[in-house]
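K.L.:
So I've got this file, data_32.txt, and it contains compact mmCIF, C-alpha atoms:
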# COMPACT_ATOMS: atom_id res chain seq x y z
CA ALA Z 1 86.21 121.32 184.18
CA ASP Z 2 89.46 121.16 182.18
CA LYS Z 3 89.31 117.35 182.04
CA LEU Z 4 85.70 117.46 180.90
CA ARG Z 5 86.52 120.09 178.26
CA ALA Z 6 89.43 117.95 176.99
CA ARG Z 7 87.24 114.85 176.84
CA ILE Z 8 84.47 116.69 174.97
CA GLY Z 9 87.05 118.09 172.53
CA ALA Z 10 88.41 114.59 171.93
CA VAL Z 11 84.90 113.22 171.29
CA VAL Z 12 84.29 116.04 168.80
CA ASP Z 13 87.60 115.16 167.09
CA LEU Z 14 86.56 111.51 166.94
CA PHE Z 15 83.18 112.40 165.43
CA ARG Z 16 84.87 114.67 162.88
CA ILE Z 17 87.26 111.88 161.88
CA GLU Z 18 84.50 109.29 161.55
CA SER Z 19 82.23 111.58 159.56
CA THR Z 20 84.87 112.85 157.13
CA GLU Z 21 85.22 111.14 153.79
CA VAL Z 22 88.89 110.86 152.93
CA ALA Z 23 89.93 112.43 149.64
CA PHE Z 24 93.02 110.38 148.90
CA GLU Z 25 96.13 112.20 147.74
CA ALA Z 26 99.87 111.66 147.98
CA VAL Z 27 101.09 112.19 151.56
CA ASP Z 28 104.75 112.53 152.57
CA LEU Z 29 104.82 110.53 155.83
CA GLU Z 30 108.30 111.77 156.69
CA ALA Z 31 107.14 115.39 156.43
CA CYS Z 32 104.05 114.59 158.55
CA PHE Z 33 106.19 113.19 161.36
CA ARG Z 34 108.78 115.96 161.13
CA ASP Z 35 105.97 118.56 161.28
CA ALA Z 36 104.51 116.76 164.31
CA VAL Z 37 107.92 116.82 166.06
CA ASP Z 38 108.15 120.53 165.32
CA LEU Z 39 104.65 121.16 166.72
CA LEU Z 40 105.59 119.21 169.85
CA ARG Z 41 109.01 120.82 170.28
CA ASP Z 42 108.13 122.19 173.74
CA GLU Z 43 107.04 118.74 174.98
CA VAL Z 44 110.12 117.16 173.41
CA ALA Z 45 112.40 119.71 175.10
CA HIS Z 46 110.59 119.45 178.45
CA SER Z 47 110.86 115.64 178.46
CA GLY Z 48 114.49 115.66 177.30
CA ALA Z 49 113.48 113.21 174.58
CA GLU Z 50 115.54 112.28 171.58
CA VAL Z 51 113.18 111.81 168.63
CA SER Z 52 114.47 110.45 165.34
CA VAL Z 53 112.46 110.22 162.14
CA GLY Z 54 114.03 107.94 159.57
CA PRO Z 55 113.30 107.97 155.87
CA LEU Z 56 109.59 107.26 155.42
CA PRO Z 57 107.64 106.39 152.27
CA MET Z 58 104.89 108.28 150.52
CA ALA Z 59 101.39 107.10 151.37
CA SER Z 60 97.96 107.85 150.05
CA GLY Z 61 95.32 109.46 152.22
CA GLY Z 62 94.11 112.60 153.91
CA PRO Z 63 97.09 114.76 154.92
CA LEU Z 64 95.34 116.42 157.87
CA LEU Z 65 94.16 113.10 159.30
CA ILE Z 66 97.55 111.48 158.84
CA GLY Z 67 99.18 114.53 160.45
CA GLN Z 68 96.87 114.08 163.46
CA LEU Z 69 97.82 110.39 163.57
CA ALA Z 70 101.54 111.27 163.65
CA GLN Z 71 101.01 113.86 166.35
CA ASN Z 72 98.93 111.53 168.56
CA LEU Z 73 101.46 108.70 168.29
CA LEU Z 74 104.33 111.02 169.27
CA ILE Z 75 102.34 112.56 172.15
CA ASN Z 76 101.64 109.05 173.43
CA ALA Z 77 105.34 108.09 173.30
CA LEU Z 78 106.34 111.28 175.15
CA LYS Z 79 103.56 111.05 177.74
CA TYR Z 80 104.26 107.45 178.77
CA ARG Z 81 108.02 107.82 179.14
CA HIS Z 82 109.94 105.90 181.76
CA PRO Z 83 110.87 108.15 184.71
CA GLU Z 84 114.37 106.69 185.08
CA ARG Z 85 115.76 107.09 181.56
CA GLN Z 86 116.00 109.59 178.75
CA PRO Z 87 113.05 109.11 176.39
CA LEU Z 88 114.01 107.77 172.97
CA VAL Z 89 111.42 107.75 170.20
CA ARG Z 90 112.21 106.19 166.83
CA VAL Z 91 110.02 106.49 163.74
CA ALA Z 92 110.97 104.11 160.95
CA ALA Z 93 109.48 102.44 157.90
CA PHE Z 94 108.93 98.71 157.57
CA ASP Z 95 107.98 96.53 154.60
CA ALA Z 96 104.19 96.17 154.48
CA GLY Z 97 103.94 94.62 151.02
CA PRO Z 98 103.24 96.03 147.55
CA GLN Z 99 99.90 97.74 148.31
CA MET Z 100 100.68 99.25 151.70
CA VAL Z 101 103.37 101.25 153.47
CA GLY Z 102 104.29 100.61 157.09
CA VAL Z 103 105.51 102.88 159.90
CA ARG Z 104 106.81 101.84 163.32
CA VAL Z 105 106.82 104.37 166.20
CA SER Z 106 108.91 102.84 168.96
CA ASP Z 107 109.88 104.14 172.38
CA ASN Z 108 111.74 103.07 175.51
CA GLY Z 109 108.94 104.15 177.85
CA LEU Z 110 106.62 102.32 180.22
CA GLY Z 111 105.42 99.82 177.62
CA ILE Z 112 102.03 98.16 177.13
CA PRO Z 113 101.43 94.71 178.67
CA ARG Z 114 100.50 92.04 176.12
CA GLU Z 115 97.07 91.49 177.68
CA GLN Z 116 96.22 95.19 177.19
CA ARG Z 117 97.42 95.61 173.60
CA GLU Z 118 94.02 95.23 171.94
CA ARG Z 119 92.19 97.30 174.55
CA VAL Z 120 94.37 100.42 174.17
CA PHE Z 121 92.42 101.27 171.00
CA GLU Z 122 89.06 101.25 172.81
CA LEU Z 123 87.25 104.51 173.55
CA PHE Z 124 88.12 105.97 176.95
CA HIS Z 125 90.40 103.05 177.84
CA ARG Z 126 93.26 104.26 180.01
CA LEU Z 127 96.08 101.85 180.65
CA ARG Z 128 97.20 103.80 183.70
CA ALA Z 129 94.90 105.64 186.08
CA ASP Z 130 97.62 108.19 186.90
CA SER Z 131 95.77 111.47 186.53
CA ALA Z 132 99.08 113.35 186.45
CA LEU Z 133 99.56 112.04 182.90
CA GLY Z 134 96.41 113.78 181.70
CA GLY Z 135 94.69 112.91 178.47
CA SER Z 136 91.19 111.87 177.49
CA GLY Z 137 91.61 108.14 176.90
CA LEU Z 138 90.89 108.75 173.21
CA GLY Z 139 94.34 109.30 171.65
CA LEU Z 140 94.94 105.75 170.43
CA ALA Z 141 91.24 105.29 169.63
CA LEU Z 142 91.56 108.30 167.31
CA CYS Z 143 94.69 106.77 165.76
CA GLU Z 144 92.86 103.49 165.17
CA ARG Z 145 89.94 105.30 163.51
CA VAL Z 146 92.23 107.26 161.18
CA VAL Z 147 94.17 104.16 160.12
CA THR Z 148 91.01 102.09 159.64
CA GLN Z 149 89.35 104.88 157.66
CA HIS Z 150 92.34 104.73 155.29
CA GLY Z 151 92.05 100.95 154.88
CA GLY Z 152 95.09 100.18 157.03
CA ARG Z 153 95.61 98.56 160.40
CA ILE Z 154 97.37 99.49 163.64
CA TRP Z 155 98.79 97.27 166.37
CA VAL Z 156 101.18 97.16 169.32
CA GLU Z 157 104.46 95.26 169.68
CA ASP Z 158 107.36 95.39 172.10
CA GLY Z 159 109.33 98.60 171.77
CA ASP Z 160 112.90 99.51 172.61
CA ALA Z 161 114.24 98.68 176.09
CA GLY Z 162 110.85 97.68 177.51
CA GLY Z 163 108.82 100.37 175.78
CA ALA Z 164 106.05 100.05 173.22
CA ALA Z 165 106.01 100.13 169.45
CA LEU Z 166 102.90 101.18 167.57
CA LEU Z 167 102.89 99.98 163.98
CA PHE Z 168 100.46 101.00 161.29
CA THR Z 169 99.90 100.53 157.60
CA LEU Z 170 98.42 102.89 155.04
CA PRO Z 171 97.73 102.50 151.32
CA ARG Z 172 100.46 103.25 148.84
CA GLY Z 173 99.99 105.60 145.90
CA ARG Z 174 96.22 105.76 145.30
CA ARG Z 175 93.94 108.70 144.71
CA GLY Z 176 90.16 108.85 144.98
CA ARG Z 177 87.86 107.19 147.51
CA ALA Z 178 88.80 105.06 150.50
CA PRO Z 179 89.36 101.35 149.83
CA GLU Z 180 86.32 99.09 150.28
Translate the structure described by the file into structure tokens.
P.N.:
Amino acid sequence: ADKLRARIGAVVDLFRIESTEVAFEAVDLEACFRDAVDLLRDEVAHSGAEVSVGPLPMASGGPLLIGQLAQNLLINALKYRHPERQPLVRVAAFDAGPQMVGVRVSDNGLGIPREQRERVFELFHRLRADSALGGSGLGLALCERVVTQHGGRIWVEDGDAGGAALLFTLPRGRRGRAPE
């Protein structure tokens, strides 16, 4: 019942994201990630993780949606930690060109095999069938929807020490409607 309730809640979240028109405004990405770390402080403490958020740029978008994106990416990094080492999560900016800002969320966890990197953004796709990890199979699908709705893109690369890195771009400094 709890799994079904979580899955239904995630589907509702997905529908809400897809049906919401983004009113673009200035968004402090660093504050979004620091707020997400604060919201997840119990999970961070329980996992023994070290989470660092470097200087991040200002973006343009919906603050609540981008906050959800930050939270989902951090939850994913904490959930899929490697059992034999202290979890390390690094959030840093990268150069995404003049129109976009880029953020890289990297961990030293279990990683994502190259052949699965596109599929992790599919609805209900679970990389690992381990039910002890919980989740709905929608976390990264939600992230992909938020980034796409903002006119950006999201992808997976190798992370730190065998982990995964999720990189995304968002528009820089615009207000108004979503990009076409």
K.L.:
Within 12 Å of segment 30-37 of chain Z, counting all atoms listed in the file, which residues show up once you throw out same-chain ones fewer than 3 positions away? Write them as a PyMOL selection string, please.
P.N.:
chain Z and resi 26-27+40-45+49-59+61-75+77-78+89-93+102-105
K.L.:
From the set Z:Leu138, Z:Leu170, Z:Ala161, Z:Ile154, which residue has the shortest atom-to-atom contact distance to Asp107 of chain Z, counting all atoms listed in the file?
P.N.:
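The answer is Z:Ala161, which sits nearest to Asp107 of chain Z.
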K.L.:
Which residue is closest to Glu122 of chain Z? Choose from Z:Glu144, Z:Gly152, Z:Asn108, Z:Val101 and count all atoms listed in the file.
P.N.:
Z:Glu144
K.L.:
What is the distance between atom CA of Ala165 of chain Z and atom CA of Gly151 of chain Z, in Å to one decimal?
P.N.:
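Here the two named atoms are 20.2 Å from each other.
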K.L.:
Quick check, in Å to one decimal: how far apart do atom CA of Val22 of chain Z and atom CA of Thr148 of chain Z lie?
P.N.:
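Distance reported for this atom pair: 11.2 Å.
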